[in-house]
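Trainee: The structure under discussion is supplied below as structure tokens; questions concerning it will follow.
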Amino acid sequence: MQILIINGPNLNLLGKREPRLYGTRSFDDYLKELRAAYPDTAILYRQSNHEGDLIDWLQEAEGKTDGIILNAGGYTHTSIALRDAVAAVSTPVIEVHLTDITQREYFRRNSLLHDVCKETIMGKGLQGYEEALKILVKRK
């Protein structure tokens, strides 16, 4: 089984950016633990601050991965193009947010991706990625 995790803008700063909201661990450190916990699953990882990269990776994953875990960061609330890319692929996509966006600033409360993703996980910190992974593994 092969799962692609795509992280959007500013998620490369996990562990440094607003630690009271996002924690003090880097995603790279967490990813090592996640891969160790799921040795039979190939977990691919991409991160970019550029919207077009995220769209390209979603499209490229079609037919090559068994599932996608997407944390689109700020593009969650603004990108119709990213929403259209998720809707266009048949690979199941699970949306993940470290915080509960429904409890954040008013401009963060809406997800343009929610209705085109198979599931949405929010407010569970980095553990949300593992929850998404478990869902995808069970689907296979």
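Residues are named by chain letter and number: chains run A, B, ... in the order of the structure tokens, numbers start at 1 in each chain, and ligands are numbered from 1 in the order shown.
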So that I can check the surroundings of Tyr30 in chain A, please list as a list of chain:residue names every protein, DNA and RNA residue that reaches within 12 Å of it, counting only C-alpha atoms and ignoring chain neighbours fewer than 3 positions away.

Mentor: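 Contacts, in chain order: A:Leu14, A:Gly15, A:Gly23, A:Thr24, A:Arg25, A:Ser26, A:Phe27, A:Glu33, A:Leu34, A:Arg35, A:Ala36, A:Ala37, A:Tyr45, A:Gly125, A:Leu126, A:Gln127, A:Gly128, A:Tyr129, A:Glu130.
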
Trainee: Using the chain letters and numbers from this document, which residues of chain A does DSSP assign to strand (DSSP E or B), as an MDAnalysis selection string?

Mentor: chainID A and resid 2:7 42:47 67:71 93:97 119:122

Trainee: Print the selection's residues with N, CA, C and O atoms to a file, as a compact mmCIF listing (two decimals), in the first residue's frame.

Mentor:
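Result went into result08.txt, see below:
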# COMPACT_ATOMS: atom_id res chain seq x y z
N GLN A 2 0.44 2.25 -0.75
CA GLN A 2 1.20 3.48 -0.85
C GLN A 2 0.28 4.67 -0.60
O GLN A 2 -0.75 4.81 -1.25
N ILE A 3 0.66 5.51 0.36
CA ILE A 3 -0.11 6.68 0.75
C ILE A 3 0.77 7.92 0.56
O ILE A 3 1.93 7.92 0.94
N LEU A 4 0.17 8.96 -0.01
CA LEU A 4 0.86 10.23 -0.19
C LEU A 4 0.31 11.25 0.79
O LEU A 4 -0.90 11.45 0.86
N ILE A 5 1.20 11.86 1.55
CA ILE A 5 0.84 12.98 2.42
C ILE A 5 1.29 14.25 1.72
O ILE A 5 2.46 14.37 1.33
N ILE A 6 0.37 15.19 1.56
CA ILE A 6 0.68 16.49 0.97
C ILE A 6 0.38 17.56 2.00
O ILE A 6 -0.75 17.68 2.48
N ASN A 7 1.39 18.33 2.34
CA ASN A 7 1.23 19.46 3.24
C ASN A 7 1.42 20.76 2.47
O ASN A 7 2.34 20.88 1.66
N ALA A 42 3.99 2.22 2.34
CA ALA A 42 4.92 3.23 1.82
C ALA A 42 4.26 4.59 1.98
O ALA A 42 3.23 4.86 1.36
N ILE A 43 4.85 5.41 2.83
CA ILE A 43 4.31 6.74 3.08
C ILE A 43 5.20 7.75 2.37
O ILE A 43 6.33 7.99 2.78
N LEU A 44 4.67 8.32 1.31
CA LEU A 44 5.37 9.35 0.55
C LEU A 44 4.99 10.70 1.14
O LEU A 44 3.88 10.87 1.66
N TYR A 45 5.88 11.67 1.02
CA TYR A 45 5.60 12.97 1.62
C TYR A 45 6.06 14.10 0.71
O TYR A 45 7.16 14.06 0.16
N ARG A 46 5.18 15.09 0.57
CA ARG A 46 5.50 16.31 -0.18
C ARG A 46 4.97 17.51 0.61
O ARG A 46 3.91 17.44 1.21
N GLN A 47 5.73 18.60 0.55
CA GLN A 47 5.29 19.86 1.15
C GLN A 47 5.69 20.98 0.22
O GLN A 47 6.79 20.98 -0.34
N GLY A 67 -4.15 6.28 -1.58
CA GLY A 67 -4.85 7.33 -0.86
C GLY A 67 -3.95 8.53 -0.66
O GLY A 67 -2.72 8.44 -0.75
N ILE A 68 -4.59 9.67 -0.39
CA ILE A 68 -3.88 10.92 -0.17
C ILE A 68 -4.38 11.54 1.12
O ILE A 68 -5.59 11.62 1.35
N ILE A 69 -3.45 11.98 1.93
CA ILE A 69 -3.76 12.76 3.12
C ILE A 69 -3.32 14.19 2.81
O ILE A 69 -2.16 14.43 2.49
N LEU A 70 -4.26 15.12 2.87
CA LEU A 70 -4.00 16.50 2.45
C LEU A 70 -4.27 17.48 3.58
O LEU A 70 -5.38 17.55 4.10
N ASN A 71 -3.23 18.20 3.94
CA ASN A 71 -3.38 19.37 4.81
C ASN A 71 -2.99 20.55 3.93
O ASN A 71 -1.81 20.83 3.72
N VAL A 93 -9.13 11.10 -0.94
CA VAL A 93 -8.38 12.16 -0.27
C VAL A 93 -9.03 12.42 1.08
O VAL A 93 -10.25 12.61 1.17
N ILE A 94 -8.21 12.43 2.12
CA ILE A 94 -8.67 12.78 3.46
C ILE A 94 -8.02 14.10 3.84
O ILE A 94 -6.81 14.26 3.78
N GLU A 95 -8.86 15.03 4.23
CA GLU A 95 -8.43 16.36 4.65
C GLU A 95 -8.06 16.32 6.13
O GLU A 95 -8.82 15.79 6.94
N VAL A 96 -6.90 16.89 6.46
CA VAL A 96 -6.44 16.93 7.84
C VAL A 96 -6.08 18.36 8.22
O VAL A 96 -5.48 19.09 7.42
N HIS A 97 -6.48 18.74 9.43
CA HIS A 97 -6.08 20.03 10.00
C HIS A 97 -5.63 19.79 11.44
O HIS A 97 -6.31 19.06 12.18
N GLU A 119 -13.16 12.27 3.90
CA GLU A 119 -13.35 12.56 5.32
C GLU A 119 -12.53 13.79 5.67
O GLU A 119 -11.58 14.14 4.97
N THR A 120 -12.88 14.40 6.79
CA THR A 120 -12.12 15.52 7.33
C THR A 120 -11.80 15.22 8.79
O THR A 120 -12.69 14.83 9.55
N ILE A 121 -10.54 15.40 9.15
CA ILE A 121 -10.09 15.21 10.53
C ILE A 121 -9.48 16.52 10.97
O ILE A 121 -8.59 17.06 10.28
N MET A 122 -9.94 17.03 12.08
CA MET A 122 -9.38 18.30 12.56
C MET A 122 -9.33 18.32 14.08
O MET A 122 -10.08 17.61 14.76

Trainee: Name the residues in contact with Ala85 in chain A at a cut-off of 12 Å, using only C-alpha atoms, excluding same-chain residues fewer than 5 positions from it; report them as a list in words.

Mentor: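 Counting only C-alpha atoms, the residues come to Glu51, Gly52, Asp53, Leu54, Ile55, Asp56, Trp57, Leu58, Gln59, Glu60, Ala61, Glu62, Leu70, Ser79, Ile80, Ser90, Thr91, Val93, Leu112, Leu113, Val116 and Cys117 of chain A.
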
Trainee: Residues of range 9-45 of chain A classed as alpha helix (DSSP H) by DSSP on the backbone are to be reported as a PyMOL selection string.

Mentor: chain A and resi 19-22+27-37

Trainee: With all heavy atoms retained, could you export that selection as a CSV table (one decimal), in the first residue's frame?

Mentor:
chain,number,residue,atom,x,y,z
A,19,PRO,N,3.8,27.6,18.3
A,19,PRO,CA,3.8,26.3,18.9
A,19,PRO,C,2.6,26.1,19.9
A,19,PRO,O,2.2,25.0,20.1
A,19,PRO,CB,5.1,26.3,19.7
A,19,PRO,CG,5.6,27.7,19.7
A,19,PRO,CD,5.0,28.4,18.5
A,20,ARG,N,2.0,27.2,20.4
A,20,ARG,CA,0.8,27.0,21.3
A,20,ARG,C,-0.4,26.4,20.5
A,20,ARG,O,-1.2,25.7,21.0
A,20,ARG,CB,0.4,28.3,22.0
A,20,ARG,CG,-0.1,29.4,21.1
A,20,ARG,CD,-0.6,30.6,21.9
A,20,ARG,NE,-1.3,31.5,21.0
A,20,ARG,CZ,-2.5,31.4,20.5
A,20,ARG,NH1,-3.2,30.3,20.9
A,20,ARG,NH2,-3.0,32.3,19.7
A,21,LEU,N,-0.4,26.7,19.2
A,21,LEU,CA,-1.5,26.2,18.3
A,21,LEU,C,-1.1,24.8,17.7
A,21,LEU,O,-1.9,23.9,17.6
A,21,LEU,CB,-1.8,27.1,17.2
A,21,LEU,CG,-2.6,28.4,17.6
A,21,LEU,CD1,-2.8,29.3,16.3
A,21,LEU,CD2,-4.0,27.9,18.1
A,22,TYR,N,0.2,24.8,17.2
A,22,TYR,CA,0.6,23.7,16.3
A,22,TYR,C,1.6,22.7,16.9
A,22,TYR,O,2.0,21.7,16.3
A,22,TYR,CB,1.2,24.2,15.0
A,22,TYR,CG,0.2,25.1,14.3
A,22,TYR,CD1,0.4,26.5,14.1
A,22,TYR,CD2,-1.0,24.6,13.7
A,22,TYR,CE1,-0.4,27.3,13.4
A,22,TYR,CE2,-1.9,25.4,13.0
A,22,TYR,CZ,-1.6,26.8,12.9
A,22,TYR,OH,-2.5,27.6,12.2
A,27,PHE,N,7.3,18.3,11.4
A,27,PHE,CA,6.6,17.2,10.7
A,27,PHE,C,7.6,16.1,10.4
A,27,PHE,O,7.3,14.9,10.4
A,27,PHE,CB,5.9,17.7,9.5
A,27,PHE,CG,5.0,16.7,8.9
A,27,PHE,CD1,3.7,16.5,9.5
A,27,PHE,CD2,5.4,15.8,7.9
A,27,PHE,CE1,2.9,15.5,9.0
A,27,PHE,CE2,4.6,14.8,7.4
A,27,PHE,CZ,3.3,14.7,8.0
A,28,ASP,N,8.8,16.4,10.0
A,28,ASP,CA,9.8,15.4,9.7
A,28,ASP,C,10.1,14.4,10.8
A,28,ASP,O,10.2,13.2,10.6
A,28,ASP,CB,11.2,16.1,9.3
A,28,ASP,CG,11.1,16.8,7.9
A,28,ASP,OD1,10.2,16.4,7.1
A,28,ASP,OD2,11.9,17.7,7.7
A,29,ASP,N,10.1,14.9,12.1
A,29,ASP,CA,10.3,14.0,13.2
A,29,ASP,C,9.1,13.1,13.4
A,29,ASP,O,9.2,11.9,13.6
A,29,ASP,CB,10.5,14.8,14.5
A,29,ASP,CG,11.9,15.5,14.6
A,29,ASP,OD1,12.8,15.1,13.8
A,29,ASP,OD2,12.0,16.4,15.4
A,30,TYR,N,7.9,13.7,13.2
A,30,TYR,CA,6.6,12.9,13.3
A,30,TYR,C,6.6,11.9,12.2
A,30,TYR,O,6.2,10.7,12.4
A,30,TYR,CB,5.4,13.8,13.3
A,30,TYR,CG,4.1,13.1,13.3
A,30,TYR,CD1,3.7,12.4,14.4
A,30,TYR,CD2,3.4,13.0,12.1
A,30,TYR,CE1,2.5,11.7,14.4
A,30,TYR,CE2,2.2,12.2,12.1
A,30,TYR,CZ,1.8,11.6,13.3
A,30,TYR,OH,0.6,10.9,13.3
A,31,LEU,N,7.0,12.3,11.0
A,31,LEU,CA,6.9,11.4,9.9
A,31,LEU,C,7.8,10.1,10.1
A,31,LEU,O,7.4,9.0,9.7
A,31,LEU,CB,7.3,12.1,8.6
A,31,LEU,CG,7.2,11.3,7.3
A,31,LEU,CD1,5.8,10.8,7.0
A,31,LEU,CD2,7.7,12.2,6.1
A,32,LYS,N,8.9,10.3,10.7
A,32,LYS,CA,9.8,9.1,11.0
A,32,LYS,C,9.0,8.1,11.9
A,32,LYS,O,9.1,6.9,11.7
A,32,LYS,CB,11.1,9.6,11.7
A,32,LYS,CG,12.0,10.3,10.8
A,32,LYS,CD,13.2,10.9,11.6
A,32,LYS,CE,14.0,11.8,10.8
A,32,LYS,NZ,15.0,12.6,11.5
A,33,GLU,N,8.3,8.6,12.9
A,33,GLU,CA,7.6,7.8,13.8
A,33,GLU,C,6.4,7.1,13.1
A,33,GLU,O,6.1,5.9,13.3
A,33,GLU,CB,7.1,8.6,15.0
A,33,GLU,CG,8.2,9.0,15.9
A,33,GLU,CD,7.6,9.9,17.0
A,33,GLU,OE1,6.4,9.9,17.3
A,33,GLU,OE2,8.4,10.6,17.6
A,34,LEU,N,5.7,7.8,12.2
A,34,LEU,CA,4.6,7.3,11.5
A,34,LEU,C,5.0,6.2,10.6
A,34,LEU,O,4.4,5.1,10.5
A,34,LEU,CB,3.9,8.4,10.7
A,34,LEU,CG,2.5,8.2,10.1
A,34,LEU,CD1,1.5,7.8,11.2
A,34,LEU,CD2,2.1,9.4,9.3
A,35,ARG,N,6.1,6.4,9.9
A,35,ARG,CA,6.7,5.4,9.0
A,35,ARG,C,7.1,4.1,9.8
A,35,ARG,O,6.9,3.0,9.3
A,35,ARG,CB,7.8,5.9,8.2
A,35,ARG,CG,7.4,6.8,7.0
A,35,ARG,CD,8.6,7.4,6.3
A,35,ARG,NE,8.1,8.1,5.1
A,35,ARG,CZ,8.8,9.1,4.6
A,35,ARG,NH1,9.9,9.6,5.1
A,35,ARG,NH2,8.3,9.7,3.5
A,36,ALA,N,7.7,4.3,10.9
A,36,ALA,CA,8.1,3.2,11.8
A,36,ALA,C,6.9,2.4,12.3
A,36,ALA,O,6.9,1.2,12.4
A,36,ALA,CB,8.9,3.7,12.9
A,37,ALA,N,5.8,3.1,12.5
A,37,ALA,CA,4.6,2.4,13.1
A,37,ALA,C,3.8,1.7,12.0
A,37,ALA,O,3.0,0.8,12.3
A,37,ALA,CB,3.7,3.5,13.7

Trainee: So the first atom is CA of Asn49 in chain A and the second is CA of Met1 in chain A; what is the distance between them in Å, to one decimal place?

Mentor: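 Calculated distance between CA of Asn49 in chain A and CA of Met1 in chain A is 27.0 Å.
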
Trainee: I need the residue nearest Asp66 in chain A from this list: A:Pro92, A:Ala132, A:Glu105, A:Lys16. Use only C-alpha atoms for the distance.

Mentor: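 Smallest separation from Asp66 in chain A among the options: A:Pro92.
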
Trainee: Using only C-alpha atoms, which of the listed residues (A:Thr65, A:Arg139, A:Ser111, A:Leu98) sits closest to Lys124 in chain A?

Mentor: A:Leu98

Trainee: What's the separation between CA of Ser48 in chain A and CA of Pro9 in chain A, in Å to one decimal place?

Mentor: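 Between CA of Ser48 in chain A and CA of Pro9 in chain A the gap is 5.8 Å.
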
Trainee: Quick one: pull the distance between CA of Gln103 in chain A and CA of Thr76 in chain A, Å, one decimal.

Mentor: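 Taking CA of Gln103 in chain A as the start and CA of Thr76 in chain A as the end point, the length is 14.9 Å.
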